[in-house]
Amino acid sequence: MIGRITGILLEKNPPQILLDVQGVGYEIDVPMSTFYNLPPLNERVVLHTQLIVREDAHLLYGFATNDERIAFRQLLKISGVGPKLALSVLSGLSLGDLAHAVANKETGMLTRIPGVGKKTAERLLLELQGKFSEGAAAIQGEASVGGRGDIVNALQALGYNGKEADWAAQQLPKDVGVSDGIRQALKLLSKA
């Protein structure tokens with residue numbers, strides 16, 4: 001099992017990054033919350049990881065915090081939730097928002113995430129009950145400076161088309177951070 005990885009960030013292609021670890025390039029999928037808190041290219045990165053071994057591939061998932069990795073593992077234990085959907089959930093909601101949704105049984109917050117329907121949202125709420133504490137799941141540092149392009153890219157990675165993503169990004173305040181911008185854009189798109 002690969003539990004943690006440290007290396008130099010070579011590429012950023014949401015939701016995947018390429019990390020050089022002593023000459024070996026690791027392709028790692030990360031949630032948007034981690035993606036937007038990454039340093040610039042050619043900088044050192046430390047990620048908590050989860051290795052998924054399938055018959056046809058070995059997939060490595062990375063997280064900025066151990067809390068994100070724990071949430072990812074909890075999501076994978078739920079019937080019908082695979083790594084892609086778990087990554088979408090963690091990209092669409094902060095850990096604090098996810099804990100809040102679970103605590104208050106708010107299916108609406110989960111159904112806004114692409115790929116999560118009403119039945120899946122209800123199953124997530126049922127299975128995750130008691131697994132999170134809102135205080136412990138608070139997001140660890142927001143990206144304060146970002147660009148509308150980053151928000152648009154994140155929305156497209158979550159399944160929205162370019163027109164929808166551009167529209168949502170234009171509705172946001174100019175000084176909004178990337179993580180907050182993504183959350184606000186997702187709320188706008190769910191109402192549209």
# chains A, B, ... in the order shown; residues from 1 in each chain; ligands from 1

$ residues_around --residues "Leu124 in chain A" --least-positions-apart "4" --cutoff "10 Å" --atoms "only C-alpha atoms" --output "ChimeraX atom specification"
/A:74-75,78-81,101-102,105,107,110,116,118-120,128-129

$ closest_residue --among "A:Asn153, A:Leu60, A:Arg112, A:Glu106" --to "Leu126 in chain A" --atoms "only C-alpha atoms"
A:Glu106

$ atom_distance --atom1 "CA of Lys174 in chain A" --atom2 "CA of Gly149 in chain A"
12.3 Å

$ closest_residue --among "A:Ala157, A:Leu51, A:Ala71, A:Ile17" --to "Lys131 in chain A" --atoms "only C-alpha atoms"
A:Ala71

$ residues_around --residues "range 3-16 of chain A" --least-positions-apart "2" --cutoff "7 Å" --atoms "only C-alpha atoms" --output "MDAnalysis selection string"
chainID A and resid 1 18:21 27:32 41:50 154 157

$ write_last_selection --atoms "N, CA and C atoms" --output "PDB file, in the first residue's frame"
ATOM      1  N   MET A   1       0.853  -1.185   0.000  1.00  0.00           N
ATOM      2  CA  MET A   1       0.000   0.000   0.000  1.00  0.00           C
ATOM      3  C   MET A   1       0.888   1.234   0.000  1.00  0.00           C
ATOM      4  N   LEU A  18       0.728  14.923 -12.191  1.00  0.00           N
ATOM      5  CA  LEU A  18       1.880  14.045 -12.401  1.00  0.00           C
ATOM      6  C   LEU A  18       2.957  14.463 -11.413  1.00  0.00           C
ATOM      7  N   LEU A  19       3.389  13.532 -10.601  1.00  0.00           N
ATOM      8  CA  LEU A  19       4.364  13.785  -9.546  1.00  0.00           C
ATOM      9  C   LEU A  19       5.632  12.999  -9.826  1.00  0.00           C
ATOM     10  N   ASP A  20       6.772  13.678  -9.857  1.00  0.00           N
ATOM     11  CA  ASP A  20       8.066  13.024 -10.055  1.00  0.00           C
ATOM     12  C   ASP A  20       8.635  12.659  -8.692  1.00  0.00           C
ATOM     13  N   VAL A  21       8.779  11.356  -8.465  1.00  0.00           N
ATOM     14  CA  VAL A  21       9.349  10.870  -7.212  1.00  0.00           C
ATOM     15  C   VAL A  21      10.644  10.142  -7.564  1.00  0.00           C
ATOM     16  N   GLU A  27       1.044   9.193 -11.840  1.00  0.00           N
ATOM     17  CA  GLU A  27      -0.203   9.866 -12.174  1.00  0.00           C
ATOM     18  C   GLU A  27      -1.143   9.673 -10.990  1.00  0.00           C
ATOM     19  N   ILE A  28      -1.621  10.779 -10.443  1.00  0.00           N
ATOM     20  CA  ILE A  28      -2.451  10.731  -9.241  1.00  0.00           C
ATOM     21  C   ILE A  28      -3.708  11.562  -9.475  1.00  0.00           C
ATOM     22  N   ASP A  29      -4.868  10.956  -9.224  1.00  0.00           N
ATOM     23  CA  ASP A  29      -6.125  11.691  -9.290  1.00  0.00           C
ATOM     24  C   ASP A  29      -6.371  12.324  -7.931  1.00  0.00           C
ATOM     25  N   VAL A  30      -6.768  13.596  -7.934  1.00  0.00           N
ATOM     26  CA  VAL A  30      -7.013  14.319  -6.693  1.00  0.00           C
ATOM     27  C   VAL A  30      -8.359  15.027  -6.770  1.00  0.00           C
ATOM     28  N   PRO A  31      -9.036  15.228  -5.620  1.00  0.00           N
ATOM     29  CA  PRO A  31     -10.268  16.023  -5.632  1.00  0.00           C
ATOM     30  C   PRO A  31      -9.925  17.489  -5.880  1.00  0.00           C
ATOM     31  N   MET A  32     -10.906  18.243  -6.329  1.00  0.00           N
ATOM     32  CA  MET A  32     -10.671  19.661  -6.631  1.00  0.00           C
ATOM     33  C   MET A  32     -10.215  20.441  -5.397  1.00  0.00           C
ATOM     34  N   LEU A  41       3.914  24.526 -10.414  1.00  0.00           N
ATOM     35  CA  LEU A  41       4.696  23.435 -10.996  1.00  0.00           C
ATOM     36  C   LEU A  41       6.145  23.511 -10.538  1.00  0.00           C
ATOM     37  N   ASN A  42       6.783  22.362 -10.490  1.00  0.00           N
ATOM     38  CA  ASN A  42       8.182  22.203 -10.081  1.00  0.00           C
ATOM     39  C   ASN A  42       8.424  22.481  -8.599  1.00  0.00           C
ATOM     40  N   GLU A  43       7.357  22.461  -7.825  1.00  0.00           N
ATOM     41  CA  GLU A  43       7.472  22.603  -6.373  1.00  0.00           C
ATOM     42  C   GLU A  43       7.243  21.238  -5.720  1.00  0.00           C
ATOM     43  N   ARG A  44       7.701  21.100  -4.495  1.00  0.00           N
ATOM     44  CA  ARG A  44       7.567  19.850  -3.736  1.00  0.00           C
ATOM     45  C   ARG A  44       6.147  19.710  -3.197  1.00  0.00           C
ATOM     46  N   VAL A  45       5.584  18.501  -3.298  1.00  0.00           N
ATOM     47  CA  VAL A  45       4.223  18.219  -2.837  1.00  0.00           C
ATOM     48  C   VAL A  45       4.247  16.970  -1.966  1.00  0.00           C
ATOM     49  N   VAL A  46       3.462  16.994  -0.891  1.00  0.00           N
ATOM     50  CA  VAL A  46       3.259  15.816  -0.052  1.00  0.00           C
ATOM     51  C   VAL A  46       1.769  15.517  -0.061  1.00  0.00           C
ATOM     52  N   LEU A  47       1.414  14.281  -0.428  1.00  0.00           N
ATOM     53  CA  LEU A  47       0.010  13.878  -0.485  1.00  0.00           C
ATOM     54  C   LEU A  47      -0.213  12.589   0.299  1.00  0.00           C
ATOM     55  N   HIS A  48      -1.353  12.507   0.961  1.00  0.00           N
ATOM     56  CA  HIS A  48      -1.815  11.248   1.542  1.00  0.00           C
ATOM     57  C   HIS A  48      -2.461  10.491   0.380  1.00  0.00           C
ATOM     58  N   THR A  49      -2.207   9.198   0.272  1.00  0.00           N
ATOM     59  CA  THR A  49      -2.681   8.491  -0.911  1.00  0.00           C
ATOM     60  C   THR A  49      -3.497   7.254  -0.583  1.00  0.00           C
ATOM     61  N   GLN A  50      -4.247   6.836  -1.592  1.00  0.00           N
ATOM     62  CA  GLN A  50      -5.021   5.601  -1.545  1.00  0.00           C
ATOM     63  C   GLN A  50      -4.780   4.889  -2.874  1.00  0.00           C
ATOM     64  N   ALA A 154     -12.690  23.405 -13.260  1.00  0.00           N
ATOM     65  CA  ALA A 154     -13.192  22.508 -12.214  1.00  0.00           C
ATOM     66  C   ALA A 154     -14.629  22.094 -12.504  1.00  0.00           C
ATOM     67  N   ALA A 157     -14.651  19.597 -15.221  1.00  0.00           N
ATOM     68  CA  ALA A 157     -14.176  18.295 -14.726  1.00  0.00           C
ATOM     69  C   ALA A 157     -15.276  17.581 -13.942  1.00  0.00           C
TER      70      ALA A 157
END

$ select_by_dssp --residues "range 3-135 of chain A" --states "strand (DSSP E)" --output "number ranges by chain"
A: 4-13, 16-21, 24-29, 44-53, 58-63

$ residues_around --residues "Thr111 in chain A" --least-positions-apart "6" --cutoff "12 Å" --atoms "only C-alpha atoms" --output "list in words"
Ser88, Val89, Gly92, Leu93, Leu98, Ala101, Lys105, Gly117, Lys118, Lys119, Thr120, Ala121, Glu122, Arg123, Leu124, Leu125, Leu186, Lys187, Leu189, Ser190 and Lys191 of chain A

$ select_by_dssp --residues "range 1-183 of chain A" --states "helix (DSSP H, G or I)" --output "PyMOL selection string"
chain A and resi 32-35+66-76+83-92+95-104+107-111+118-128+148-157+162-170+178-183

$ atom_distance --atom1 "CA of Leu38 in chain A" --atom2 "CA of Gln184 in chain A"
20.6 Å

$ residues_around --residues "Leu90 in chain A" --least-positions-apart "4" --cutoff "8 Å" --atoms "only C-alpha atoms" --output "ChimeraX atom specification"
/A:31-33,68,72,86,94-95

$ write_last_selection --atoms "N, CA and C atoms" --output "PDB file, in the first residue's frame"
ATOM      1  N   PRO A  31      -9.036  15.228  -5.620  1.00  0.00           N
ATOM      2  CA  PRO A  31     -10.268  16.023  -5.632  1.00  0.00           C
ATOM      3  C   PRO A  31      -9.925  17.489  -5.880  1.00  0.00           C
ATOM      4  N   MET A  32     -10.906  18.243  -6.329  1.00  0.00           N
ATOM      5  CA  MET A  32     -10.671  19.661  -6.631  1.00  0.00           C
ATOM      6  C   MET A  32     -10.215  20.441  -5.397  1.00  0.00           C
ATOM      7  N   SER A  33     -10.668  20.045  -4.220  1.00  0.00           N
ATOM      8  CA  SER A  33     -10.237  20.734  -2.998  1.00  0.00           C
ATOM      9  C   SER A  33      -8.729  20.625  -2.816  1.00  0.00           C
ATOM     10  N   GLU A  68      -9.448  14.089   4.283  1.00  0.00           N
ATOM     11  CA  GLU A  68     -10.003  13.842   2.949  1.00  0.00           C
ATOM     12  C   GLU A  68      -9.849  12.369   2.575  1.00  0.00           C
ATOM     13  N   PHE A  72     -12.760   9.701   1.721  1.00  0.00           N
ATOM     14  CA  PHE A  72     -12.727   8.933   0.474  1.00  0.00           C
ATOM     15  C   PHE A  72     -12.914   7.443   0.769  1.00  0.00           C
ATOM     16  N   ALA A  86     -16.682   8.887  -5.670  1.00  0.00           N
ATOM     17  CA  ALA A  86     -16.159   9.377  -4.387  1.00  0.00           C
ATOM     18  C   ALA A  86     -15.351  10.655  -4.600  1.00  0.00           C
ATOM     19  N   SER A  94     -17.068  20.489   0.294  1.00  0.00           N
ATOM     20  CA  SER A  94     -15.963  20.459   1.250  1.00  0.00           C
ATOM     21  C   SER A  94     -16.301  19.400   2.303  1.00  0.00           C
ATOM     22  N   LEU A  95     -15.316  18.989   3.072  1.00  0.00           N
ATOM     23  CA  LEU A  95     -15.586  18.011   4.123  1.00  0.00           C
ATOM     24  C   LEU A  95     -16.586  18.555   5.138  1.00  0.00           C
TER      25      LEU A  95
END

$ atom_distance --atom1 "CA of Asn37 in chain A" --atom2 "CA of Lys163 in chain A"
25.5 Å

$ closest_residue --among "A:Ala103, A:Ile70, A:Leu158, A:Val152" --to "Lys84 in chain A" --atoms "only C-alpha atoms"
A:Leu158

$ closest_residue --among "A:Asp175, A:Asp180, A:Asp166, A:Asp56" --to "Ser91 in chain A" --atoms "only C-alpha atoms"
A:Asp180

$ closest_residue --among "A:Leu85, A:Trp167, A:Pro39, A:Thr34" --to "Asn66 in chain A" --atoms "only C-alpha atoms"
A:Thr34
